[in-house]
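To start, the structure itself, in structure tokens.
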Amino acid sequence: MADSNSLEALVQALRRLPGVGVKSASRMAFHLLQHDREGAQMLSRALHQAAGTVRHCSQCHTFTDSEVCATCLDPQRDGTKLCVVETPADQSAVERTSAYRGLYFVLMGKLSPLDGIGPRDIGLQKLFDRATGGTVQEVILATNFTAEGEATAHVIGEALKARGLQVTRLARGVPAGSELEYVDLGTIAHALVDRR
């Protein structure tokens with residue numbers, strides 16, 4: 001690699017992105033500096049602005065430039081339904097389906113005792129306060145189907161059921177358009193148990 005402290009700093013900064021190793025970071029850095037200086041400046045400005053202005057919504061905890069996000073402020077949303085997701089990216093995925101018109105709560109993580117992440121670290125008390133505020137009737141648990149996501153859904157579900165709320169979980173099963181012989185056995189087993 002060329003001898004440059006600035007170049008090395010750029011490569012190290014790019015390596016902080018998930019899934020980006022030394023080779024990918026170097027390739028990106030060289031591309032930006034050799035072929036797209038304007039893009040590099042645009043990226044720099046956008047990162048600087050986002051890091052300085054993006055914060056958490058005071059109601060749902062997602063990313064926003066305002067005190068309260070546009071989704072929480074939207075009077076067309078169904079306030080009786082609250083979908084719990086792990087990350088803003090998960091919220092975005094649910095939104096792209098156009099199948100859900102309720103509100104959200106973004107945990108910004110999942111329970112993981114081995115990593116020292118407990119209920120306080122993902123804001124469960126804030127979720128419980130919002131869910132039991134009198135408007136929400138159904139909480140939809142849309143955490144990921146990983147061991148940590150399942151544990152998080154279980155803890156939240158049990159706590160909210162004890163508070164008298166209806167709690168549902170995203171269905172899981174065989175993806176549309178797939179052939180059974182190519183679907184993993186765990187997915188088929190869950191589809192059989194959750195059949196309707």
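Naming scheme: A, B, ... for chains in displayed order of the structure tokens; residues 1 onward per chain; ligands 1 onward as shown.
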Margin query: I need the strand (DSSP E) residues of stretch 53-112 of chain A per DSSP on the backbone, written as a PyMOL selection string.
Written below: chain A and resi 55-56+63-64+78-85+102-106
Residues as selected, N, CA and C atoms, written as an mmCIF file, in the first residue's frame, can you do that?
data_model
loop_
_atom_site.group_PDB
_atom_site.id
_atom_site.type_symbol
_atom_site.label_atom_id
_atom_site.label_comp_id
_atom_site.auth_asym_id
_atom_site.auth_seq_id
_atom_site.Cartn_x
_atom_site.Cartn_y
_atom_site.Cartn_z
ATOM 1 N N ARG A 55 -30.676 11.218 15.687
ATOM 2 C CA ARG A 55 -30.812 10.785 17.083
ATOM 3 C C ARG A 55 -31.942 9.774 17.173
ATOM 4 N N HIS A 56 -32.292 9.397 18.398
ATOM 5 C CA HIS A 56 -33.369 8.432 18.607
ATOM 6 C C HIS A 56 -34.694 9.149 18.816
ATOM 7 N N PHE A 63 -34.154 5.884 14.406
ATOM 8 C CA PHE A 63 -33.353 7.038 14.018
ATOM 9 C C PHE A 63 -34.231 8.114 13.396
ATOM 10 N N THR A 64 -33.955 9.358 13.738
ATOM 11 C CA THR A 64 -34.692 10.491 13.186
ATOM 12 C C THR A 64 -33.866 11.761 13.353
ATOM 13 N N ASP A 78 -52.079 3.126 12.881
ATOM 14 C CA ASP A 78 -52.953 2.483 13.862
ATOM 15 C C ASP A 78 -52.221 2.387 15.199
ATOM 16 N N GLY A 79 -52.567 3.240 16.134
ATOM 17 C CA GLY A 79 -51.906 3.289 17.433
ATOM 18 C C GLY A 79 -52.226 2.135 18.355
ATOM 19 N N THR A 80 -53.153 1.263 17.945
ATOM 20 C CA THR A 80 -53.489 0.108 18.792
ATOM 21 C C THR A 80 -52.526 -1.055 18.575
ATOM 22 N N LYS A 81 -51.713 -0.957 17.519
ATOM 23 C CA LYS A 81 -50.747 -2.016 17.203
ATOM 24 C C LYS A 81 -49.330 -1.475 17.350
ATOM 25 N N LEU A 82 -48.474 -2.266 18.021
ATOM 26 C CA LEU A 82 -47.087 -1.873 18.238
ATOM 27 C C LEU A 82 -46.191 -3.036 17.820
ATOM 28 N N CYS A 83 -45.385 -2.815 16.801
ATOM 29 C CA CYS A 83 -44.476 -3.844 16.281
ATOM 30 C C CYS A 83 -43.088 -3.628 16.888
ATOM 31 N N VAL A 84 -42.559 -4.649 17.535
ATOM 32 C CA VAL A 84 -41.254 -4.560 18.182
ATOM 33 C C VAL A 84 -40.205 -5.194 17.274
ATOM 34 N N VAL A 85 -39.204 -4.396 16.886
ATOM 35 C CA VAL A 85 -38.119 -4.877 16.023
ATOM 36 C C VAL A 85 -36.783 -4.611 16.705
ATOM 37 N N GLY A 102 -49.324 0.006 11.659
ATOM 38 C CA GLY A 102 -49.285 0.375 13.067
ATOM 39 C C GLY A 102 -48.021 1.154 13.391
ATOM 40 N N LEU A 103 -47.701 1.205 14.691
ATOM 41 C CA LEU A 103 -46.521 1.905 15.166
ATOM 42 C C LEU A 103 -45.428 0.899 15.529
ATOM 43 N N TYR A 104 -44.257 1.411 15.899
ATOM 44 C CA TYR A 104 -43.092 0.568 16.166
ATOM 45 C C TYR A 104 -42.451 0.893 17.511
ATOM 46 N N PHE A 105 -41.680 -0.069 17.973
ATOM 47 C CA PHE A 105 -40.689 0.184 19.017
ATOM 48 C C PHE A 105 -39.413 -0.521 18.581
ATOM 49 N N VAL A 106 -38.317 0.226 18.478
ATOM 50 C CA VAL A 106 -37.041 -0.311 18.010
ATOM 51 C C VAL A 106 -36.133 -0.532 19.223
#
Margin query: For stretch 156-160 of chain A, find every residue with an atom within 10 Å (counting only C-alpha atoms), except residues of its own chain fewer than 4 positions away, and show them as a ChimeraX atom specification.
Written below: /A:84,119,124,127-128,131-132,138-141,150-152,164-169
Next item on the list: Find the residues near stretch 9-21 of chain A: any atom within 12 Å, counting only C-alpha atoms, skip ones fewer than 3 places away on the same chain, and give them as a ChimeraX atom specification.
Entry: /A:1-6,24-33,40,43-44,47
Taking the DSSP secondary structure from the backbone, can you list the residues of stretch 62-188 of chain A that are alpha helix (DSSP H), as a CSV table (one decimal) with all heavy atoms, in the first residue's frame?
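Output file result_26.csv is given in full below:
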chain,number,residue,atom,x,y,z
A,70,ALA,N,-41.3,10.7,11.9
A,70,ALA,CA,-42.5,10.9,11.1
A,70,ALA,C,-43.5,9.8,11.2
A,70,ALA,O,-44.8,10.0,11.2
A,70,ALA,CB,-42.1,11.0,9.6
A,71,THR,N,-43.1,8.6,11.5
A,71,THR,CA,-44.0,7.5,11.6
A,71,THR,C,-44.9,7.6,12.9
A,71,THR,O,-46.1,7.5,12.9
A,71,THR,CB,-43.3,6.1,11.7
A,71,THR,OG1,-42.5,6.0,10.5
A,71,THR,CG2,-44.2,4.9,11.8
A,72,CYS,N,-44.2,8.0,14.0
A,72,CYS,CA,-45.0,8.2,15.3
A,72,CYS,C,-45.9,9.4,15.2
A,72,CYS,O,-46.9,9.4,15.8
A,72,CYS,CB,-44.0,8.4,16.4
A,72,CYS,SG,-43.1,6.9,16.9
A,73,LEU,N,-45.6,10.4,14.4
A,73,LEU,CA,-46.4,11.6,14.2
A,73,LEU,C,-47.6,11.4,13.2
A,73,LEU,O,-48.5,12.2,13.2
A,73,LEU,CB,-45.6,12.8,13.8
A,73,LEU,CG,-44.6,13.3,14.8
A,73,LEU,CD1,-43.8,14.4,14.2
A,73,LEU,CD2,-45.4,13.9,16.0
A,88,PRO,N,-33.4,-0.3,13.3
A,88,PRO,CA,-34.1,0.5,12.3
A,88,PRO,C,-34.1,-0.2,10.9
A,88,PRO,O,-35.0,0.0,10.2
A,88,PRO,CB,-33.2,1.8,12.3
A,88,PRO,CG,-32.6,1.9,13.6
A,88,PRO,CD,-32.3,0.5,14.0
A,89,ALA,N,-33.1,-1.0,10.6
A,89,ALA,CA,-33.1,-1.7,9.4
A,89,ALA,C,-34.2,-2.7,9.3
A,89,ALA,O,-34.9,-2.9,8.3
A,89,ALA,CB,-31.7,-2.4,9.1
A,90,ASP,N,-34.5,-3.4,10.4
A,90,ASP,CA,-35.7,-4.3,10.5
A,90,ASP,C,-37.0,-3.5,10.3
A,90,ASP,O,-37.9,-4.0,9.6
A,90,ASP,CB,-35.7,-5.0,11.8
A,90,ASP,CG,-34.5,-6.0,12.0
A,90,ASP,OD1,-33.9,-6.3,11.0
A,90,ASP,OD2,-34.2,-6.3,13.2
A,91,GLN,N,-37.1,-2.3,11.0
A,91,GLN,CA,-38.3,-1.5,10.8
A,91,GLN,C,-38.5,-1.1,9.3
A,91,GLN,O,-39.6,-1.2,8.8
A,91,GLN,CB,-38.1,-0.2,11.7
A,91,GLN,CG,-39.3,0.7,11.5
A,91,GLN,CD,-39.1,2.0,12.2
A,91,GLN,OE1,-38.1,2.3,12.8
A,91,GLN,NE2,-40.1,2.9,12.1
A,92,SER,N,-37.4,-0.8,8.7
A,92,SER,CA,-37.4,-0.4,7.3
A,92,SER,C,-37.9,-1.6,6.4
A,92,SER,O,-38.7,-1.4,5.5
A,92,SER,CB,-36.1,0.1,6.8
A,92,SER,OG,-36.1,0.4,5.5
A,93,ALA,N,-37.5,-2.8,6.8
A,93,ALA,CA,-37.9,-4.0,6.0
A,93,ALA,C,-39.4,-4.2,6.1
A,93,ALA,O,-40.1,-4.5,5.2
A,93,ALA,CB,-37.1,-5.2,6.5
A,94,VAL,N,-39.9,-4.1,7.4
A,94,VAL,CA,-41.4,-4.2,7.6
A,94,VAL,C,-42.1,-3.1,6.8
A,94,VAL,O,-43.1,-3.4,6.2
A,94,VAL,CB,-41.7,-4.2,9.1
A,94,VAL,CG1,-43.2,-4.2,9.3
A,94,VAL,CG2,-41.1,-5.4,9.8
A,95,GLU,N,-41.6,-1.9,6.9
A,95,GLU,CA,-42.3,-0.8,6.2
A,95,GLU,C,-42.4,-1.0,4.7
A,95,GLU,O,-43.4,-0.7,4.0
A,95,GLU,CB,-41.6,0.5,6.4
A,95,GLU,CG,-42.0,1.2,7.7
A,95,GLU,CD,-43.4,1.6,7.7
A,95,GLU,OE1,-43.8,2.6,7.1
A,95,GLU,OE2,-44.2,0.9,8.4
A,96,ARG,N,-41.3,-1.6,4.1
A,96,ARG,CA,-41.3,-1.8,2.6
A,96,ARG,C,-42.3,-2.8,2.2
A,96,ARG,O,-42.7,-2.8,1.0
A,96,ARG,CB,-39.9,-2.3,2.2
A,96,ARG,CG,-38.9,-1.1,2.2
A,96,ARG,CD,-37.6,-1.5,1.4
A,96,ARG,NE,-37.0,-2.7,1.9
A,96,ARG,CZ,-36.1,-2.8,2.9
A,96,ARG,NH1,-35.7,-1.7,3.6
A,96,ARG,NH2,-35.6,-4.0,3.2
A,124,LEU,N,-36.1,-2.1,27.6
A,124,LEU,CA,-37.3,-2.9,27.8
A,124,LEU,C,-38.3,-2.1,28.7
A,124,LEU,O,-39.5,-2.1,28.4
A,124,LEU,CB,-37.1,-4.3,28.4
A,124,LEU,CG,-36.5,-5.3,27.4
A,124,LEU,CD1,-36.6,-6.7,28.0
A,124,LEU,CD2,-37.1,-5.2,26.1
A,125,GLN,N,-37.8,-1.4,29.7
A,125,GLN,CA,-38.8,-0.6,30.5
A,125,GLN,C,-39.5,0.4,29.7
A,125,GLN,O,-40.7,0.6,29.9
A,125,GLN,CB,-38.1,0.0,31.7
A,125,GLN,CG,-39.0,0.6,32.8
A,125,GLN,CD,-40.1,-0.4,33.3
A,125,GLN,OE1,-39.7,-1.5,33.7
A,125,GLN,NE2,-41.3,-0.1,33.1
A,126,LYS,N,-38.8,1.1,28.8
A,126,LYS,CA,-39.4,2.1,28.0
A,126,LYS,C,-40.5,1.4,27.1
A,126,LYS,O,-41.6,2.0,26.9
A,126,LYS,CB,-38.4,2.8,27.2
A,126,LYS,CG,-38.9,4.0,26.4
A,126,LYS,CD,-37.7,4.7,25.7
A,126,LYS,CE,-38.2,5.9,24.9
A,126,LYS,NZ,-37.2,6.6,24.2
A,127,LEU,N,-40.2,0.3,26.6
A,127,LEU,CA,-41.1,-0.5,25.7
A,127,LEU,C,-42.4,-0.8,26.6
A,127,LEU,O,-43.5,-0.6,26.1
A,127,LEU,CB,-40.5,-1.8,25.2
A,127,LEU,CG,-41.5,-2.8,24.6
A,127,LEU,CD1,-42.2,-2.3,23.4
A,127,LEU,CD2,-40.7,-4.1,24.2
A,128,PHE,N,-42.2,-1.4,27.8
A,128,PHE,CA,-43.3,-1.7,28.6
A,128,PHE,C,-44.2,-0.5,29.0
A,128,PHE,O,-45.4,-0.6,29.0
A,128,PHE,CB,-42.8,-2.4,29.9
A,128,PHE,CG,-42.1,-3.7,29.7
A,128,PHE,CD1,-41.1,-4.1,30.6
A,128,PHE,CD2,-42.3,-4.5,28.6
A,128,PHE,CE1,-40.4,-5.3,30.4
A,128,PHE,CE2,-41.6,-5.7,28.3
A,128,PHE,CZ,-40.7,-6.1,29.3
A,129,ASP,N,-43.5,0.6,29.2
A,129,ASP,CA,-44.3,1.8,29.5
A,129,ASP,C,-45.1,2.2,28.3
A,129,ASP,O,-46.3,2.6,28.5
A,129,ASP,CB,-43.3,3.0,29.9
A,129,ASP,CG,-42.6,2.8,31.3
A,129,ASP,OD1,-43.1,1.9,32.0
A,129,ASP,OD2,-41.6,3.5,31.5
A,130,ARG,N,-44.5,2.2,27.1
A,130,ARG,CA,-45.3,2.6,25.9
A,130,ARG,C,-46.4,1.6,25.6
A,130,ARG,O,-47.5,2.0,25.3
A,130,ARG,CB,-44.3,2.7,24.7
A,130,ARG,CG,-45.1,3.1,23.5
A,130,ARG,CD,-44.2,3.7,22.5
A,130,ARG,NE,-45.0,4.3,21.4
A,130,ARG,CZ,-44.6,4.3,20.1
A,130,ARG,NH1,-43.5,3.8,19.8
A,130,ARG,NH2,-45.4,4.8,19.2
A,131,ALA,N,-46.1,0.3,25.8
A,131,ALA,CA,-47.1,-0.7,25.4
A,131,ALA,C,-48.3,-0.7,26.4
A,131,ALA,O,-49.4,-1.0,26.0
A,131,ALA,CB,-46.5,-2.1,25.4
A,147,ALA,N,-31.2,-17.3,18.1
A,147,ALA,CA,-31.4,-17.7,19.5
A,147,ALA,C,-31.6,-16.5,20.4
A,147,ALA,O,-32.5,-16.5,21.3
A,147,ALA,CB,-30.1,-18.5,20.0
A,148,GLU,N,-30.8,-15.4,20.2
A,148,GLU,CA,-31.0,-14.2,21.0
A,148,GLU,C,-32.3,-13.5,20.7
A,148,GLU,O,-33.0,-13.0,21.6
A,148,GLU,CB,-29.9,-13.2,20.7
A,148,GLU,CG,-28.5,-13.7,21.2
A,148,GLU,CD,-27.7,-14.5,20.1
A,148,GLU,OE1,-28.3,-14.8,19.1
A,148,GLU,OE2,-26.6,-14.8,20.4
A,149,GLY,N,-32.7,-13.5,19.4
A,149,GLY,CA,-34.0,-12.9,19.0
A,149,GLY,C,-35.2,-13.6,19.6
A,149,GLY,O,-36.2,-13.0,20.1
A,150,GLU,N,-35.1,-14.9,19.6
A,150,GLU,CA,-36.2,-15.8,20.2
A,150,GLU,C,-36.2,-15.5,21.7
A,150,GLU,O,-37.3,-15.4,22.3
A,150,GLU,CB,-35.9,-17.2,19.9
A,150,GLU,CG,-36.1,-17.6,18.5
A,150,GLU,CD,-37.6,-17.8,18.1
A,150,GLU,OE1,-38.5,-17.4,18.8
A,150,GLU,OE2,-37.8,-18.2,16.9
A,151,ALA,N,-35.1,-15.5,22.4
A,151,ALA,CA,-35.0,-15.2,23.8
A,151,ALA,C,-35.6,-13.8,24.1
A,151,ALA,O,-36.4,-13.7,25.1
A,151,ALA,CB,-33.6,-15.3,24.4
A,152,THR,N,-35.3,-12.8,23.3
A,152,THR,CA,-35.8,-11.5,23.5
A,152,THR,C,-37.3,-11.5,23.4
A,152,THR,O,-38.0,-10.9,24.2
A,152,THR,CB,-35.1,-10.5,22.5
A,152,THR,OG1,-33.7,-10.6,22.7
A,152,THR,CG2,-35.6,-9.1,22.7
A,153,ALA,N,-37.8,-12.1,22.3
A,153,ALA,CA,-39.3,-12.2,22.1
A,153,ALA,C,-40.0,-12.9,23.3
A,153,ALA,O,-41.0,-12.5,23.7
A,153,ALA,CB,-39.5,-12.9,20.8
A,154,HIS,N,-39.4,-13.9,23.8
A,154,HIS,CA,-40.0,-14.7,24.9
A,154,HIS,C,-40.1,-13.8,26.1
A,154,HIS,O,-41.1,-13.7,26.8
A,154,HIS,CB,-39.1,-15.9,25.2
A,154,HIS,CG,-39.6,-16.7,26.4
A,154,HIS,ND1,-40.8,-17.5,26.3
A,154,HIS,CD2,-39.2,-16.8,27.6
A,154,HIS,CE1,-41.0,-18.0,27.5
A,154,HIS,NE2,-40.1,-17.6,28.3
A,155,VAL,N,-39.0,-13.1,26.5
A,155,VAL,CA,-39.0,-12.3,27.7
A,155,VAL,C,-40.0,-11.2,27.5
A,155,VAL,O,-40.8,-10.9,28.5
A,155,VAL,CB,-37.6,-11.7,27.9
A,155,VAL,CG1,-37.6,-10.6,29.0
A,155,VAL,CG2,-36.6,-12.8,28.4
A,156,ILE,N,-40.0,-10.5,26.4
A,156,ILE,CA,-41.0,-9.4,26.2
A,156,ILE,C,-42.4,-10.0,26.2
A,156,ILE,O,-43.3,-9.4,26.8
A,156,ILE,CB,-40.7,-8.7,24.8
A,156,ILE,CG1,-39.3,-8.0,24.9
A,156,ILE,CG2,-41.8,-7.7,24.5
A,156,ILE,CD1,-38.9,-7.5,23.5
A,157,GLY,N,-42.6,-11.1,25.5
A,157,GLY,CA,-44.0,-11.6,25.4
A,157,GLY,C,-44.5,-12.0,26.7
A,157,GLY,O,-45.7,-11.7,27.1
A,158,GLU,N,-43.7,-12.7,27.6
A,158,GLU,CA,-44.2,-13.1,28.9
A,158,GLU,C,-44.5,-11.9,29.8
A,158,GLU,O,-45.5,-11.8,30.5
A,158,GLU,CB,-43.2,-14.0,29.6
A,158,GLU,CG,-43.0,-15.3,28.9
A,158,GLU,CD,-44.3,-16.1,28.9
A,158,GLU,OE1,-44.9,-16.3,29.9
A,158,GLU,OE2,-44.7,-16.6,27.8
A,159,ALA,N,-43.7,-10.9,29.7
A,159,ALA,CA,-43.9,-9.7,30.5
A,159,ALA,C,-45.1,-8.9,30.1
A,159,ALA,O,-45.9,-8.4,30.9
A,159,ALA,CB,-42.7,-8.7,30.4
A,160,LEU,N,-45.4,-8.8,28.8
A,160,LEU,CA,-46.5,-8.1,28.3
A,160,LEU,C,-47.8,-8.9,28.5
A,160,LEU,O,-48.9,-8.3,28.8
A,160,LEU,CB,-46.4,-7.7,26.8
A,160,LEU,CG,-45.3,-6.6,26.6
A,160,LEU,CD1,-45.1,-6.4,25.1
A,160,LEU,CD2,-45.6,-5.4,27.3
A,161,LYS,N,-47.8,-10.2,28.3
A,161,LYS,CA,-49.0,-11.0,28.6
A,161,LYS,C,-49.4,-10.9,30.1
A,161,LYS,O,-50.6,-10.8,30.4
A,161,LYS,CB,-48.7,-12.5,28.3
A,161,LYS,CG,-48.7,-12.8,26.8
A,161,LYS,CD,-48.3,-14.2,26.6
A,161,LYS,CE,-48.0,-14.5,25.1
A,161,LYS,NZ,-47.5,-15.8,24.9
A,162,ALA,N,-48.4,-10.8,31.0
A,162,ALA,CA,-48.7,-10.6,32.4
A,162,ALA,C,-49.3,-9.3,32.7
A,162,ALA,O,-50.0,-9.1,33.7
A,162,ALA,CB,-47.4,-10.8,33.2
A,185,LEU,N,-34.5,-28.2,7.2
A,185,LEU,CA,-35.4,-29.0,8.0
A,185,LEU,C,-36.0,-28.2,9.2
A,185,LEU,O,-37.2,-28.4,9.5
A,185,LEU,CB,-34.7,-30.2,8.6
A,185,LEU,CG,-34.2,-31.2,7.5
A,185,LEU,CD1,-33.5,-32.4,8.1
A,185,LEU,CD2,-35.3,-31.6,6.6
A,186,GLY,N,-35.3,-27.3,9.8
A,186,GLY,CA,-35.8,-26.4,10.9
A,186,GLY,C,-36.9,-25.6,10.4
A,186,GLY,O,-38.0,-25.4,11.1
A,187,THR,N,-36.8,-25.0,9.2
A,187,THR,CA,-37.9,-24.2,8.6
A,187,THR,C,-39.1,-25.0,8.4
A,187,THR,O,-40.3,-24.6,8.7
A,187,THR,CB,-37.4,-23.5,7.4
A,187,THR,OG1,-36.3,-22.6,7.7
A,187,THR,CG2,-38.5,-22.6,6.7
A,188,ILE,N,-39.0,-26.2,7.8
A,188,ILE,CA,-40.1,-27.1,7.6
A,188,ILE,C,-40.8,-27.5,8.9
A,188,ILE,O,-42.0,-27.5,9.0
A,188,ILE,CB,-39.7,-28.3,6.8
A,188,ILE,CG1,-39.2,-27.9,5.4
A,188,ILE,CG2,-40.8,-29.3,6.7
A,188,ILE,CD1,-38.6,-29.1,4.6
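Using only C-alpha atoms, the shortest contact distance between A:Thr62 and any of A:Thr87, A:Gln49, A:Gln41, A:Gln76 is found at A:Thr87.
The shortest atom-to-atom distance to A:Val136, with only C-alpha atoms taken into account, belongs to A:Arg163 out of A:Glu38, A:Ser58, A:Gly173, A:Arg163.
A straight line drawn from atom CA of A:Ala176 to atom CA of A:Arg101 is 22.5 Å long.
Put simply, atom CA of A:Pro75 is 14.4 Å away from atom CA of A:Gln59.
With distances taken over only C-alpha atoms, A:Val22 is the one residue among A:Gln137, A:Arg172, A:Val22, A:Asn144 lying closest to A:Glu8.
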